[in-house]
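Chemist: Sharing my_file-v1.pdb here; it has PDB, C-alpha atoms.
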```
ATOM      1  CA  MET M  12       2.724  -9.221 -22.879
ATOM      2  CA  ASN M  13      -0.248  -9.900 -25.095
ATOM      3  CA  LYS M  14      -3.890 -10.646 -24.319
ATOM      4  CA  ALA M  15      -3.408 -14.445 -24.201
ATOM      5  CA  ASP M  16      -0.651 -14.093 -21.585
ATOM      6  CA  LYS M  17      -2.899 -11.971 -19.369
ATOM      7  CA  ILE M  18      -5.743 -14.490 -19.660
ATOM      8  CA  PHE M  19      -3.370 -17.351 -18.824
ATOM      9  CA  ILE M  20      -2.027 -15.533 -15.747
ATOM     10  CA  GLY M  21      -5.593 -14.799 -14.618
ATOM     11  CA  ILE M  22      -6.603 -18.450 -14.972
ATOM     12  CA  VAL M  23      -3.530 -19.601 -13.048
ATOM     13  CA  LEU M  24      -4.293 -17.142 -10.217
ATOM     14  CA  ILE M  25      -7.898 -18.355 -10.012
ATOM     15  CA  VAL M  26      -6.810 -22.011  -9.901
ATOM     16  CA  VAL M  27      -4.255 -21.285  -7.160
ATOM     17  CA  CYS M  28      -6.897 -19.498  -5.087
ATOM     18  CA  LEU M  29      -9.319 -22.405  -5.524
ATOM     19  CA  LEU M  30      -6.652 -24.884  -4.423
ATOM     20  CA  TYR M  31      -5.949 -22.800  -1.301
ATOM     21  CA  ILE M  32      -9.585 -22.756  -0.107
ATOM     22  CA  PRO M  33      -9.563 -26.316   1.412
ATOM     23  CA  SER M  34      -6.553 -25.396   3.554
ATOM     24  CA  LEU M  35      -8.339 -22.318   4.888
ATOM     25  CA  TRP M  36     -11.502 -24.325   5.523
ATOM     26  CA  ASN M  37      -9.540 -26.953   7.489
ATOM     27  CA  ALA M  38      -7.929 -24.243   9.628
ATOM     28  CA  TYR M  39     -11.362 -22.713  10.264
ATOM     29  CA  GLN M  40     -12.842 -26.051  11.344
ATOM     30  CA  ASN M  41      -9.955 -26.835  13.708
ATOM     31  CA  LYS M  42     -10.116 -23.434  15.406
ATOM     32  CA  GLY M  43     -11.038 -23.795  19.067
ATOM     33  CA  LYS M  44     -10.128 -27.469  19.197
ATOM     34  CA  ALA M  45      -7.548 -28.805  21.590
ATOM     35  CA  LYS M  46      -4.443 -30.192  19.885
ATOM     36  CA  THR M  47      -2.437 -33.111  21.187
ATOM     37  CA  ALA M  48       0.734 -34.507  19.627
ATOM     38  CA  VAL M  49       0.982 -38.282  19.962
ATOM     39  CA  VAL M  50       4.483 -39.762  19.713
ATOM     40  CA  SER M  51       4.679 -43.454  18.832
ATOM     41  CA  TYR M  52       7.641 -45.818  18.790
ATOM     42  CA  LYS M  53       7.114 -48.993  16.744
ATOM     43  CA  ASN M  54       3.329 -48.410  16.701
ATOM     44  CA  GLU M  55       3.145 -48.042  20.493
ATOM     45  CA  GLU M  56       2.276 -44.698  22.047
ATOM     46  CA  VAL M  57       5.141 -43.469  24.215
ATOM     47  CA  LEU M  58       4.241 -39.824  24.759
ATOM     48  CA  ARG M  59       1.181 -37.562  24.595
ATOM     49  CA  ILE M  60       1.945 -33.839  24.388
ATOM     50  CA  ASP M  61      -0.398 -30.910  25.038
ATOM     51  CA  MET M  62       0.495 -28.478  22.260
ATOM     52  CA  LYS M  63      -0.517 -25.413  24.270
ATOM     53  CA  VAL M  64       2.533 -25.906  26.499
ATOM     54  CA  ASP M  65       5.853 -24.836  24.973
ATOM     55  CA  LYS M  66       8.380 -27.480  25.995
ATOM     56  CA  ASP M  67      11.144 -29.795  24.773
ATOM     57  CA  TYR M  68      10.784 -33.569  25.009
ATOM     58  CA  GLU M  69      13.073 -36.521  24.401
ATOM     59  CA  VAL M  70      12.072 -40.041  23.404
ATOM     60  CA  GLN M  71      14.282 -43.006  22.654
ATOM     61  CA  GLY M  72      14.347 -44.105  19.013
ATOM     62  CA  SER M  73      16.051 -47.063  17.342
ATOM     63  CA  LEU M  74      19.188 -45.030  16.553
ATOM     64  CA  GLY M  75      19.276 -42.970  19.751
ATOM     65  CA  PRO M  76      17.418 -40.094  21.374
ATOM     66  CA  VAL M  77      14.933 -38.013  19.378
ATOM     67  CA  HIS M  78      14.415 -34.430  20.592
ATOM     68  CA  ILE M  79      10.914 -33.054  20.006
ATOM     69  CA  GLU M  80      10.092 -29.372  20.455
ATOM     70  CA  VAL M  81       6.646 -27.814  20.902
ATOM     71  CA  LYS M  82       6.240 -24.063  20.456
ATOM     72  CA  ASP M  83       3.244 -21.864  19.549
ATOM     73  CA  GLU M  84       1.009 -24.926  19.039
ATOM     74  CA  LYS M  85       3.449 -26.360  16.486
ATOM     75  CA  VAL M  86       5.668 -29.407  16.807
ATOM     76  CA  ARG M  87       8.932 -30.462  15.188
ATOM     77  CA  VAL M  88      11.722 -32.978  15.554
ATOM     78  CA  GLU M  89      14.572 -30.743  16.611
ATOM     79  CA  LYS M  90      17.424 -33.249  16.633
ATOM     80  CA  GLU M  91      17.778 -36.964  15.949
ATOM     81  CA  ASN M  92      20.326 -39.518  14.833
ATOM     82  CA  SER M  93      19.607 -40.741  11.336
ATOM     83  CA  PRO M  94      21.613 -40.883   8.101
ATOM     84  CA  TYR M  95      19.988 -37.913   6.318
ATOM     85  CA  HIS M  96      18.184 -36.154   9.215
ATOM     86  CA  LEU M  97      14.960 -36.051   7.218
ATOM     87  CA  CYS M  98      12.821 -35.790  10.360
ATOM     88  CA  SER M  99      14.432 -32.581  11.532
ATOM     89  CA  VAL M 100      14.528 -31.154   8.002
ATOM     90  CA  GLN M 101      10.717 -31.468   7.788
ATOM     91  CA  GLY M 102      10.356 -28.544  10.190
ATOM     92  CA  TRP M 103       7.344 -27.269  12.100
ATOM     93  CA  VAL M 104       3.975 -29.006  11.760
ATOM     94  CA  SER M 105       0.657 -27.747  13.121
ATOM     95  CA  ASP M 106      -1.832 -29.508  10.848
ATOM     96  CA  ALA M 107      -3.466 -32.778  11.898
ATOM     97  CA  ASN M 108      -3.117 -34.097   8.349
ATOM     98  CA  MET M 109       0.700 -33.873   8.315
ATOM     99  CA  PRO M 110       2.445 -36.442  10.517
ATOM    100  CA  ILE M 111       6.172 -36.395  11.169
ATOM    101  CA  VAL M 112       7.550 -39.802  10.242
ATOM    102  CA  CYS M 113      11.083 -40.726  11.257
ATOM    103  CA  LEU M 114      11.528 -44.193   9.782
ATOM    104  CA  PRO M 115      15.161 -44.820  10.744
ATOM    105  CA  ASN M 116      14.230 -44.209  14.393
ATOM    106  CA  ASN M 117      10.752 -45.824  14.155
ATOM    107  CA  ILE M 118       9.208 -42.632  15.569
ATOM    108  CA  VAL M 119       5.925 -41.122  14.329
ATOM    109  CA  VAL M 120       4.445 -37.843  15.599
ATOM    110  CA  VAL M 121       0.754 -37.340  14.815
ATOM    111  CA  ILE M 122      -1.378 -34.348  15.789
ATOM    112  CA  GLU M 123      -4.862 -35.131  17.059
ATOM    113  CA  THR M 124      -7.593 -32.517  17.451
ATOM    114  CA  SER M 125     -10.490 -32.840  19.834
ATOM    115  CA  ASP M 126     -13.415 -30.503  20.286
ATOM    116  CA  THR M 127     -13.364 -28.705  23.624
ATOM    117  CA  SER M 128     -17.132 -28.339  23.716
ATOM    118  CA  SER M 129     -19.434 -31.317  24.235
ATOM    119  CA  ASP M 130     -22.440 -29.816  22.458
ATOM    120  CA  ASP M 131     -22.217 -31.972  19.354
ATOM    121  CA  VAL M 132     -22.197 -35.514  20.750
ATOM    122  CA  ASP M 133     -22.475 -38.191  18.064
ATOM    123  CA  THR M 134     -23.315 -41.219  20.190
ATOM    124  CA  VAL M 135     -24.148 -41.871  23.818
ATOM    125  CA  ILE M 136     -23.394 -45.367  25.106
ATOM    126  CA  GLN M 137     -24.914 -46.577  28.361
TER     127      GLN M 137
END
```
Would you put the structure from the file into structure tokens?
Modeler:
Amino acid sequence: MNKADKIFIGIVLIVVCLLYIPSLWNAYQNKGKAKTAVVSYKNEEVLRIDMKVDKDYEVQGSLGPVHIEVKDEKVRVEKENSPYHLCSVQGWVSDANMPIVCLPNNIVVVIETSDTSSDDVDTVIQ
């Protein structure tokens, strides 16, 4: 390994660290916020799940029942009927920027975060 290889590896490590910083910042900002998973069927909300409660849920999709599991403030589609089972292959999601989309069943699971404190109110309407 020559000097150019070491410089290249150093640059790659620095770039990877810089790309990881936004993910850490997002996790820091969402700390202390209540998380809710919203399950929609054909753009209509069918279920609202508190992610602090570990539980299994079932909603009806276009191709049959869709089993949703919540554990340790993470959510996943555990089992569903679709040709390639892409929804269940996606795995656990805990980030508000990563929805679970199950197109064959017309099911979408989105995580919403809301601040538990009311100190920073943007607008008051009377």
Chemist: Give me the residues within 8 Å of region 46-52 of chain M as a ChimeraX atom specification, counting all atoms listed in the file and dropping any in the same chain fewer than 5 places off.
Modeler: /M:57-63,72,84,86,117-125
Chemist: Which centre and edge lengths in Å to one decimal define the box along x, y and z that fits every listed atom of region 79-92 of chain M plus 4 Å per side, as lines of an AutoDock Vina configuration file?
Modeler:
```
center_x = 10.7
center_y = -30.7
center_z = 17.9
size_x = 27.3
size_y = 25.7
size_z = 14.1
```
Chemist: Apply the PyMOL selection byres ((chain M and resi 103) around 12) to the displayed file and report the matching residues as a list in words.
Modeler: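 Taken over the shown coordinates, the PyMOL selection byres ((chain M and resi 103) around 12) returns Ile79, Glu80, Val81, Lys82, Asp83, Glu84, Lys85, Val86, Arg87, Val88, Glu89, Cys98, Ser99, Val100, Gln101, Gly102, Val104, Ser105, Asp106, Met109, Pro110, Ile111, Val120 and Ile122 of chain M.
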Chemist: Just the number, please: distance in Å from CA of Gly75 (chain M) to CA of Asn92 (chain M), one decimal.
Modeler: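 Separation between CA of Gly75 (chain M) and CA of Asn92 (chain M): 6.1 Å.
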Chemist: Using all atoms listed in the file, which residue out of M:Phe19, M:Pro33, M:Asn108, M:Leu114 lies closest to Glu91 (chain M)?
Modeler: M:Leu114
Chemist: Just give me the gap between CA of Val64 (chain M) and CA of Lys44 (chain M) in Å, one decimal is fine.
Modeler: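 Straight-line distance from CA of Val64 (chain M) to CA of Lys44 (chain M) works out to 14.7 Å.
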Chemist: Have a look at CA of His96 (chain M) and CA of Cys113 (chain M) and let me know their distance in Å, one decimal.
Modeler: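 So the answer is 8.7 Å.
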